[in-house]
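Peer 1: Have a look at this one before I ask anything.
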Amino acid sequence: MRIKIRILFIIILFYAVIQILIATGMLNPYWTQIIQFAQIITISAIGLNLIYGYTGQFSLGHAAFYGIGAYCSALVTKSLHNLGFLSFIIGLLSSVILVAIIALIIGLPILRLKSDYLGIATLGFGIIVKVLFDNADTVIPALGGSRGMLGIPRYTNFTLTFMFFIGSIIIIRNLIFSDFGRSFISIREDEIASECTGVNTTKYKTMGFVFGSIFAGVAGVLYAHLYSFLHPSNFDFLKSIDVLLIVVLGGLGSISGTIIAAIAWTFILEGLRVILPGQILDWRLVIYPLILIIIMLVKPMGIGSGREFKFLRPKE
Amino acid sequence: MSYFLQQVINGLQLGFVYALIALGYTMVYGIVRLINFAHGDVFMVGAYLGFYALGLYHLPFPVAILFAMVGCALLGVTIERLAYRPLRNAPRISALITAIGVSLFLEYFTSLKFIFGPNYLAYPRPFVICTYQLGSVCISNVQILVFGVSIILLILLQLIVQKTKTGMAMRAVSYDKDTARLMGIDVDSIISFTFGIGSALAGAGGVLYGIAYPQIHPFMGIMPGLKAFVAAVLGGIGSIPGAMIGALIMGVVETMCSAYISSTMRDAFAFSILIIVLLAKPTGIMGKAESEKV
């Protein structure tokens, strides 16, 4: 109980400090946006960690669900804009439902595939979805197609992303250390053995996939209402790779690792923009893959593999 | 009908270029079980090497393509030596992430101004383009060149893999690495050799691609690389004839889709076919189903 109170205190303190920094203008809008983006990408990465890190299902199509969530909610809030914040809630709910349905329809057949083949199939799904976004304006003109979708109301603020950020961590932690979590992990460790001991592998694989995709969808909703502009290239295959990088660098099956890696990833990419002098700014994206390769060569298992912060572990 | 046949020929032109890339993917996957994401960028480097050889030094075409192949082979071997070999015993996903890192590095490093530069470049053609009428279809000398060079290289590869001692060692390593080592095969050098051969083919593919679709830039390797990889999976990854068949199917399907349905939807169609084939036959068209030991 004491540790819970202490954590609650730290969370509130952290929130208050950031809010004060924003209110006093110490943190300019640019960096505020980056902090929000770091939280959004963490939510998405937590979802992929559930699919790949805990359930062991290799997915290279995570950005598709991120994009579906973003586009669906943006369409709702844009068409219901006179409802104000209520439209955001309707958009969020409809995105979650849509993402869950699509993940279920795609997941059921596709999750019969194993390891690399599953990766390729999900990669294919991701590319198909991106092409559909590119051509979406022929069916629904408001989606903008390859010209991009403009004028989405900005509802995402720091309070909102922070709430979802903390909420996702709590949900994922409780999920992993529940009966469901045990089933997910048993499938990752050995699918045949867990089937023999009575785990309904199809059910739990699909469940992990749908839950993980919902996290991506929620992240997409926040993303759409943060930047108020969506373009299909924000959801292409490289964006799925970004999330995969975060999950693997953080260590598969470690919530703490994913959180650290997601935040570090965002700030390294943006930080290099600040640190590097103008003449060699081109080198930013040359240095980044080098950092990536070196981390993998030095720590092939990721930075937080198998370890968790104390407050994310259940009582012994 | 003649329009259809014409599109088949155009599709085969694209398919043969994909085949040259897909072979590198499939051989590397067969031997080290790694999706070598950097392969598409080796293809890009090959196109640029050809560009310099043809455009700047005005070398004849056969010399230029050899130059690109040797350059890419060296690049492939270096990548394997520096980035993948230290991770041979690490989890496979670590090697995959490293491959993605190498891919990003090649793309952004080569787009620096003093390397290849970030701009689109027009590819020099070593000869004047002309078309011949064959019955109801047209075939250009570029297409004949692409078909000819690809078929020669594919036959050479088949000879190397099936008839030489190194080829036999390659097959042994891809079948069972540990047993191959017990039989006195130097597994590390065979893996290097495989990367070299695969990268050389990608380099040749890059030059042909540059000549056939004359515009190059440092990010040109991503999509052809991805599609060639998908072609390898479609044909059954690890199988050389499979990669060829898969690549030709991909090329023809893509061209047909552009010609009859919509050119912006062609990627969606190509990948839908992949998913359908994988669901029907999870190991691809020519892949062998592996039974799982418990």
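Quick note on naming: the chains in the structure tokens go A, B, ... in the order shown, residues restart at 1 in each chain, and ligands are numbered from 1 in order of appearance.
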Hey, could you make a per-residue contact list for chain A against chain B with 8 Å as the cut-off, showing the nearest pair of atoms and its distance in Å to one decimal, counting only C-alpha atoms, sorted by chain and number, as JSON lines?
Peer 2:
```
{"residue": "A:Pro109", "atom": "CA", "partner": "B:Leu279", "partner_atom": "CA", "distance": 7.3}
{"residue": "A:Ile110", "atom": "CA", "partner": "B:Leu279", "partner_atom": "CA", "distance": 7.0}
{"residue": "A:Leu113", "atom": "CA", "partner": "B:Pro282", "partner_atom": "CA", "distance": 6.6}
{"residue": "A:Tyr117", "atom": "CA", "partner": "B:Pro282", "partner_atom": "CA", "distance": 7.3}
{"residue": "A:Ile120", "atom": "CA", "partner": "B:Val230", "partner_atom": "CA", "distance": 7.4}
{"residue": "A:Ala121", "atom": "CA", "partner": "B:Ile275", "partner_atom": "CA", "distance": 5.5}
{"residue": "A:Gly124", "atom": "CA", "partner": "B:Phe271", "partner_atom": "CA", "distance": 5.0}
{"residue": "A:Phe125", "atom": "CA", "partner": "B:Phe271", "partner_atom": "CA", "distance": 7.3}
{"residue": "A:Ile127", "atom": "CA", "partner": "B:Ala268", "partner_atom": "CA", "distance": 6.7}
{"residue": "A:Ile128", "atom": "CA", "partner": "B:Ala268", "partner_atom": "CA", "distance": 4.4}
{"residue": "A:Val129", "atom": "CA", "partner": "B:Ala268", "partner_atom": "CA", "distance": 7.8}
{"residue": "A:Val131", "atom": "CA", "partner": "B:Ala268", "partner_atom": "CA", "distance": 6.1}
{"residue": "A:Leu132", "atom": "CA", "partner": "B:Ala268", "partner_atom": "CA", "distance": 7.7}
{"residue": "A:Asn135", "atom": "CA", "partner": "B:Thr264", "partner_atom": "CA", "distance": 7.5}
{"residue": "A:Ile192", "atom": "CA", "partner": "B:Val294", "partner_atom": "CA", "distance": 7.7}
{"residue": "A:Leu245", "atom": "CA", "partner": "B:Ile97", "partner_atom": "CA", "distance": 6.6}
{"residue": "A:Val248", "atom": "CA", "partner": "B:Ser94", "partner_atom": "CA", "distance": 7.4}
{"residue": "A:Asp282", "atom": "CA", "partner": "B:Leu112", "partner_atom": "CA", "distance": 6.7}
{"residue": "A:Trp283", "atom": "CA", "partner": "B:Phe109", "partner_atom": "CA", "distance": 7.6}
{"residue": "A:Leu285", "atom": "CA", "partner": "B:Tyr108", "partner_atom": "CA", "distance": 6.1}
{"residue": "A:Val286", "atom": "CA", "partner": "B:Phe105", "partner_atom": "CA", "distance": 5.4}
{"residue": "A:Ile287", "atom": "CA", "partner": "B:Phe105", "partner_atom": "CA", "distance": 7.9}
{"residue": "A:Pro289", "atom": "CA", "partner": "B:Gly101", "partner_atom": "CA", "distance": 4.7}
{"residue": "A:Leu290", "atom": "CA", "partner": "B:Phe105", "partner_atom": "CA", "distance": 6.9}
{"residue": "A:Leu292", "atom": "CA", "partner": "B:Gly101", "partner_atom": "CA", "distance": 6.0}
{"residue": "A:Ile293", "atom": "CA", "partner": "B:Thr98", "partner_atom": "CA", "distance": 5.2}
{"residue": "A:Met296", "atom": "CA", "partner": "B:Ser94", "partner_atom": "CA", "distance": 6.2}
{"residue": "A:Leu297", "atom": "CA", "partner": "B:Leu87", "partner_atom": "CA", "distance": 6.8}
{"residue": "A:Pro300", "atom": "CA", "partner": "B:Ser94", "partner_atom": "CA", "distance": 5.6}
{"residue": "A:Met301", "atom": "CA", "partner": "B:Ser94", "partner_atom": "CA", "distance": 7.1}
```
Peer 1: Output the selection as a tab-separated table (two decimals), in the first residue's frame - C-alpha atoms for each residue.
Peer 2:
```tsv
chain	number	residue	atom	x	y	z
A	109	PRO	CA	-6.82	-16.17	-40.24
A	110	ILE	CA	-3.37	-14.60	-40.20
A	113	LEU	CA	1.08	-18.37	-39.59
A	117	TYR	CA	5.72	-15.71	-42.26
A	120	ILE	CA	5.51	-10.85	-43.78
A	121	ALA	CA	1.74	-11.25	-43.81
A	124	GLY	CA	1.59	-6.96	-46.37
A	125	PHE	CA	-1.49	-5.94	-44.42
A	127	ILE	CA	1.13	-1.85	-46.94
A	128	ILE	CA	-2.40	-2.62	-48.16
A	129	VAL	CA	-3.85	-0.31	-45.50
A	131	VAL	CA	-2.42	2.12	-50.15
A	132	LEU	CA	-6.07	2.29	-49.09
A	135	ASN	CA	-6.81	6.19	-52.30
A	192	ILE	CA	2.48	-26.63	-28.61
A	245	LEU	CA	12.77	-1.02	-32.95
A	248	VAL	CA	13.26	-4.78	-29.33
A	282	ASP	CA	22.30	15.84	-42.47
A	283	TRP	CA	24.24	13.41	-40.33
A	285	LEU	CA	19.82	10.15	-39.59
A	286	VAL	CA	23.25	8.63	-40.22
A	287	ILE	CA	24.15	8.71	-36.54
A	289	PRO	CA	21.14	3.93	-37.28
A	290	LEU	CA	24.72	3.70	-36.05
A	292	LEU	CA	20.90	1.39	-33.25
A	293	ILE	CA	23.48	-1.06	-34.62
A	296	MET	CA	22.19	-4.27	-30.78
A	297	LEU	CA	25.81	-5.45	-31.03
A	300	PRO	CA	21.52	-8.15	-28.28
A	301	MET	CA	18.69	-8.82	-25.81
```
Peer 1: Which residues, written as a PDB file with N, CA and C atoms, in the first residue's frame, have at least one atom at most 12 Å from A:Ser233, with only C-alpha atoms counted and residues fewer than 2 positions away on the same chain left out?
Peer 2:
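Result written to out-v8.pdb:
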```
ATOM      1  N   ALA A  63       1.680  -0.083 -37.553  1.00  0.00           N
ATOM      2  CA  ALA A  63       1.308   1.273 -37.958  1.00  0.00           C
ATOM      3  C   ALA A  63      -0.041   1.305 -38.648  1.00  0.00           C
ATOM      4  N   ALA A  64      -0.473   0.169 -39.216  1.00  0.00           N
ATOM      5  CA  ALA A  64      -1.783   0.136 -39.871  1.00  0.00           C
ATOM      6  C   ALA A  64      -2.879   0.429 -38.854  1.00  0.00           C
ATOM      7  N   GLY A  67      -2.803   3.951 -37.789  1.00  0.00           N
ATOM      8  CA  GLY A  67      -3.409   4.800 -38.809  1.00  0.00           C
ATOM      9  C   GLY A  67      -4.920   4.691 -38.842  1.00  0.00           C
ATOM     10  N   GLY A 126      -0.086  -4.131 -43.593  1.00  0.00           N
ATOM     11  CA  GLY A 126       0.256  -2.727 -43.353  1.00  0.00           C
ATOM     12  C   GLY A 126       0.351  -1.952 -44.654  1.00  0.00           C
ATOM     13  N   ILE A 127       0.969  -2.564 -45.667  1.00  0.00           N
ATOM     14  CA  ILE A 127       1.132  -1.853 -46.942  1.00  0.00           C
ATOM     15  C   ILE A 127      -0.213  -1.691 -47.638  1.00  0.00           C
ATOM     16  N   VAL A 129      -3.115  -1.379 -46.186  1.00  0.00           N
ATOM     17  CA  VAL A 129      -3.845  -0.309 -45.501  1.00  0.00           C
ATOM     18  C   VAL A 129      -3.318   1.051 -45.927  1.00  0.00           C
ATOM     19  N   LYS A 130      -1.982   1.150 -46.071  1.00  0.00           N
ATOM     20  CA  LYS A 130      -1.407   2.438 -46.484  1.00  0.00           C
ATOM     21  C   LYS A 130      -1.883   2.813 -47.892  1.00  0.00           C
ATOM     22  N   VAL A 131      -1.920   1.842 -48.788  1.00  0.00           N
ATOM     23  CA  VAL A 131      -2.416   2.123 -50.148  1.00  0.00           C
ATOM     24  C   VAL A 131      -3.874   2.544 -50.088  1.00  0.00           C
ATOM     25  N   LEU A 132      -4.661   1.905 -49.208  1.00  0.00           N
ATOM     26  CA  LEU A 132      -6.068   2.290 -49.089  1.00  0.00           C
ATOM     27  C   LEU A 132      -6.184   3.730 -48.576  1.00  0.00           C
ATOM     28  N   PHE A 133      -5.341   4.109 -47.620  1.00  0.00           N
ATOM     29  CA  PHE A 133      -5.348   5.507 -47.151  1.00  0.00           C
ATOM     30  C   PHE A 133      -5.040   6.450 -48.315  1.00  0.00           C
ATOM     31  N   ASP A 134      -4.059   6.041 -49.135  1.00  0.00           N
ATOM     32  CA  ASP A 134      -3.678   6.876 -50.277  1.00  0.00           C
ATOM     33  C   ASP A 134      -4.852   7.109 -51.219  1.00  0.00           C
ATOM     34  N   GLY A 145      -7.043  11.349 -48.909  1.00  0.00           N
ATOM     35  CA  GLY A 145      -6.166  10.512 -49.714  1.00  0.00           C
ATOM     36  C   GLY A 145      -4.721  10.933 -49.624  1.00  0.00           C
ATOM     37  N   SER A 146      -4.032  10.932 -50.763  1.00  0.00           N
ATOM     38  CA  SER A 146      -2.602  11.203 -50.722  1.00  0.00           C
ATOM     39  C   SER A 146      -2.306  12.698 -50.575  1.00  0.00           C
ATOM     40  N   ARG A 147      -3.347  13.536 -50.575  1.00  0.00           N
ATOM     41  CA  ARG A 147      -3.089  14.951 -50.318  1.00  0.00           C
ATOM     42  C   ARG A 147      -3.028  15.233 -48.822  1.00  0.00           C
ATOM     43  N   GLY A 148      -3.468  14.280 -48.007  1.00  0.00           N
ATOM     44  CA  GLY A 148      -3.445  14.464 -46.563  1.00  0.00           C
ATOM     45  C   GLY A 148      -4.763  15.008 -46.067  1.00  0.00           C
ATOM     46  N   MET A 149      -5.003  14.815 -44.773  1.00  0.00           N
ATOM     47  CA  MET A 149      -6.264  15.242 -44.172  1.00  0.00           C
ATOM     48  C   MET A 149      -5.976  16.450 -43.290  1.00  0.00           C
ATOM     49  N   PHE A 229      -3.128  17.137 -38.544  1.00  0.00           N
ATOM     50  CA  PHE A 229      -2.904  16.850 -39.963  1.00  0.00           C
ATOM     51  C   PHE A 229      -2.492  15.386 -40.092  1.00  0.00           C
ATOM     52  N   LEU A 230      -3.115  14.684 -41.017  1.00  0.00           N
ATOM     53  CA  LEU A 230      -2.760  13.279 -41.224  1.00  0.00           C
ATOM     54  C   LEU A 230      -2.362  13.073 -42.669  1.00  0.00           C
ATOM     55  N   HIS A 231      -1.323  12.248 -42.862  1.00  0.00           N
ATOM     56  CA  HIS A 231      -0.912  11.902 -44.217  1.00  0.00           C
ATOM     57  C   HIS A 231      -0.599  10.412 -44.253  1.00  0.00           C
ATOM     58  N   PHE A 235       1.911   6.605 -41.772  1.00  0.00           N
ATOM     59  CA  PHE A 235       1.511   5.282 -41.305  1.00  0.00           C
ATOM     60  C   PHE A 235       2.062   4.198 -42.216  1.00  0.00           C
ATOM     61  N   ASP A 236       3.206   4.461 -42.868  1.00  0.00           N
ATOM     62  CA  ASP A 236       3.724   3.449 -43.786  1.00  0.00           C
ATOM     63  C   ASP A 236       4.534   2.415 -43.014  1.00  0.00           C
ATOM     64  N   PHE A 237       5.147   1.533 -43.800  1.00  0.00           N
ATOM     65  CA  PHE A 237       5.812   0.384 -43.203  1.00  0.00           C
ATOM     66  C   PHE A 237       6.988   0.800 -42.302  1.00  0.00           C
ATOM     67  N   LEU A 238       7.642   1.928 -42.621  1.00  0.00           N
ATOM     68  CA  LEU A 238       8.756   2.362 -41.781  1.00  0.00           C
ATOM     69  C   LEU A 238       8.284   2.744 -40.379  1.00  0.00           C
ATOM     70  N   LYS A 239       7.027   3.191 -40.266  1.00  0.00           N
ATOM     71  CA  LYS A 239       6.519   3.545 -38.944  1.00  0.00           C
ATOM     72  C   LYS A 239       6.286   2.292 -38.100  1.00  0.00           C
ATOM     73  N   SER A 240       5.874   1.208 -38.766  1.00  0.00           N
ATOM     74  CA  SER A 240       5.771  -0.061 -38.035  1.00  0.00           C
ATOM     75  C   SER A 240       7.140  -0.482 -37.544  1.00  0.00           C
TER      76      SER A 240
END
```
Peer 1: Would you kindly return, as JSON, numbers by chain, each protein, DNA or RNA residue with an atom no farther than 10 Å from any atom of B:Ile197, considering only C-alpha atoms and excluding same-chain residues fewer than 5 positions away?
Peer 2: {"B": [23, 24, 27, 28, 69, 70, 72, 73, 74, 76, 77, 157, 160, 191, 192, 202, 203]}
Peer 1: Take the residues from that selection and put them in a file with C-alpha atoms, as a PDB file, in the first residue's frame.
Peer 2:
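Output below, filename again18.pdb:
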```
ATOM      1  CA  LEU B  23      17.653 -14.492 -55.119  1.00  0.00           C
ATOM      2  CA  GLY B  24      19.898 -12.681 -52.665  1.00  0.00           C
ATOM      3  CA  MET B  27      19.855 -17.476 -50.382  1.00  0.00           C
ATOM      4  CA  VAL B  28      20.685 -15.426 -47.304  1.00  0.00           C
ATOM      5  CA  MET B  69      28.547  -6.503 -59.189  1.00  0.00           C
ATOM      6  CA  VAL B  70      32.038  -6.586 -57.698  1.00  0.00           C
ATOM      7  CA  CYS B  72      28.144  -4.765 -54.312  1.00  0.00           C
ATOM      8  CA  ALA B  73      29.685  -8.133 -53.504  1.00  0.00           C
ATOM      9  CA  LEU B  74      32.375  -6.353 -51.449  1.00  0.00           C
ATOM     10  CA  GLY B  76      27.620  -7.330 -48.939  1.00  0.00           C
ATOM     11  CA  VAL B  77      30.561  -9.232 -47.488  1.00  0.00           C
ATOM     12  CA  LEU B 157      23.926 -19.069 -60.288  1.00  0.00           C
ATOM     13  CA  ILE B 160      27.430 -22.472 -59.075  1.00  0.00           C
ATOM     14  CA  ILE B 191      28.116 -17.502 -45.398  1.00  0.00           C
ATOM     15  CA  SER B 192      30.356 -14.651 -46.594  1.00  0.00           C
ATOM     16  CA  ALA B 202      21.394  -7.301 -56.548  1.00  0.00           C
ATOM     17  CA  GLY B 203      24.074  -5.003 -57.996  1.00  0.00           C
TER      18      GLY B 203
END
```
Peer 1: Restricting the calculation to only C-alpha atoms: of A:Phe37, A:Trp31, A:Tyr71, A:Tyr155, which residue gets closest to A:Gly217?
Peer 2: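 Smallest distance to A:Gly217 is found for A:Tyr71.
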Peer 1: Excluding same-chain residues fewer than 6 positions from A:Val243, what lies within 8 Å of it counting only C-alpha atoms, as a ChimeraX atom specification?
Peer 2: /A:41,44-45,48,62
Peer 1: Counting only C-alpha atoms, figure out which residue out of B:Gly15, B:Gly30, B:Gly242, B:Gly287 gets nearest to B:Ala228.
Peer 2: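 Using only C-alpha atoms, B:Ala228 sits closest to B:Gly15.
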Peer 1: Between atom CA of A:Asn28 and atom CA of A:Thr266, measure the distance and give it in Å to one decimal.
Peer 2: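 One can read the atom CA of A:Asn28 to atom CA of A:Thr266 distance as 16.7 Å.
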Peer 1: Which residues are close to A:Ile169, i.e. within 10 Å by only C-alpha atoms, leaving aside same-chain residues fewer than 3 positions away? Reply as a VMD selection string.
Peer 2: chain A and resid 42 to 43 46 164 to 166 172 to 175 255 to 256 259 312
Peer 1: Atoms to include: N, CA and C atoms. Write the selected residues as a tab-separated table (two decimals), in the first residue's frame.
Peer 2:
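Wrote it out as out.tsv, contents follow:
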```tsv
chain	number	residue	atom	x	y	z
A	42	THR	N	4.90	5.69	-26.87
A	42	THR	CA	5.00	4.68	-25.82
A	42	THR	C	3.74	3.83	-25.77
A	43	ILE	N	2.59	4.47	-25.88
A	43	ILE	CA	1.33	3.71	-25.82
A	43	ILE	C	1.29	2.70	-26.96
A	46	ILE	N	3.76	-0.11	-26.31
A	46	ILE	CA	3.27	-1.04	-25.29
A	46	ILE	C	2.34	-2.07	-25.94
A	164	PHE	N	-3.68	8.96	-20.63
A	164	PHE	CA	-3.65	7.71	-21.40
A	164	PHE	C	-2.35	6.96	-21.20
A	165	PHE	N	-1.27	7.71	-21.07
A	165	PHE	CA	0.05	7.11	-20.87
A	165	PHE	C	0.06	6.29	-19.58
A	166	ILE	N	-0.35	6.93	-18.48
A	166	ILE	CA	-0.37	6.23	-17.19
A	166	ILE	C	-1.41	5.10	-17.24
A	172	ILE	N	-1.71	-2.51	-18.90
A	172	ILE	CA	-0.85	-3.57	-19.42
A	172	ILE	C	-0.24	-4.35	-18.25
A	173	ARG	N	0.11	-3.66	-17.19
A	173	ARG	CA	0.72	-4.32	-16.05
A	173	ARG	C	-0.28	-5.29	-15.43
A	174	ASN	N	-1.52	-4.85	-15.26
A	174	ASN	CA	-2.51	-5.73	-14.66
A	174	ASN	C	-2.87	-6.89	-15.57
A	175	LEU	N	-2.82	-6.62	-16.90
A	175	LEU	CA	-3.13	-7.69	-17.85
A	175	LEU	C	-2.05	-8.76	-17.83
A	255	ILE	N	7.92	-4.13	-19.77
A	255	ILE	CA	7.18	-2.87	-19.89
A	255	ILE	C	8.13	-1.70	-19.63
A	256	SER	N	8.96	-1.85	-18.58
A	256	SER	CA	9.89	-0.77	-18.24
A	256	SER	C	10.80	-0.46	-19.40
A	259	ILE	N	9.06	1.50	-22.11
A	259	ILE	CA	8.84	2.90	-21.77
A	259	ILE	C	10.14	3.68	-21.93
A	312	LEU	N	6.28	-2.07	-11.18
A	312	LEU	CA	5.55	-2.79	-12.22
A	312	LEU	C	5.53	-4.28	-11.95
```
Peer 1: Tell me which protein, DNA and RNA residues are within 7 Å of B:Leu121, counting only C-alpha atoms, leaving out same-chain ones fewer than 2 positions away, and put them as a PyMOL selection string.
Peer 2: chain B and resi 119+123+215-217
Peer 1: Quick one: residues within 6 Å of stretch 204-215 of chain A, only C-alpha atoms, excluding same-chain residues fewer than 6 positions away - as a list in words?
Peer 2: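 The residues that qualify are Ser44, Gly47, Leu48, Leu50, Ile51, Phe65, Val96, Ala100, Ala103 and Gly107 of chain A.
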Peer 1: How far is it from atom CA of B:Phe67 to atom CA of B:Gly50, in Å with one decimal?
Peer 2: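 Computing the Euclidean distance for atom CA of B:Phe67 and atom CA of B:Gly50 yields 7.3 Å.
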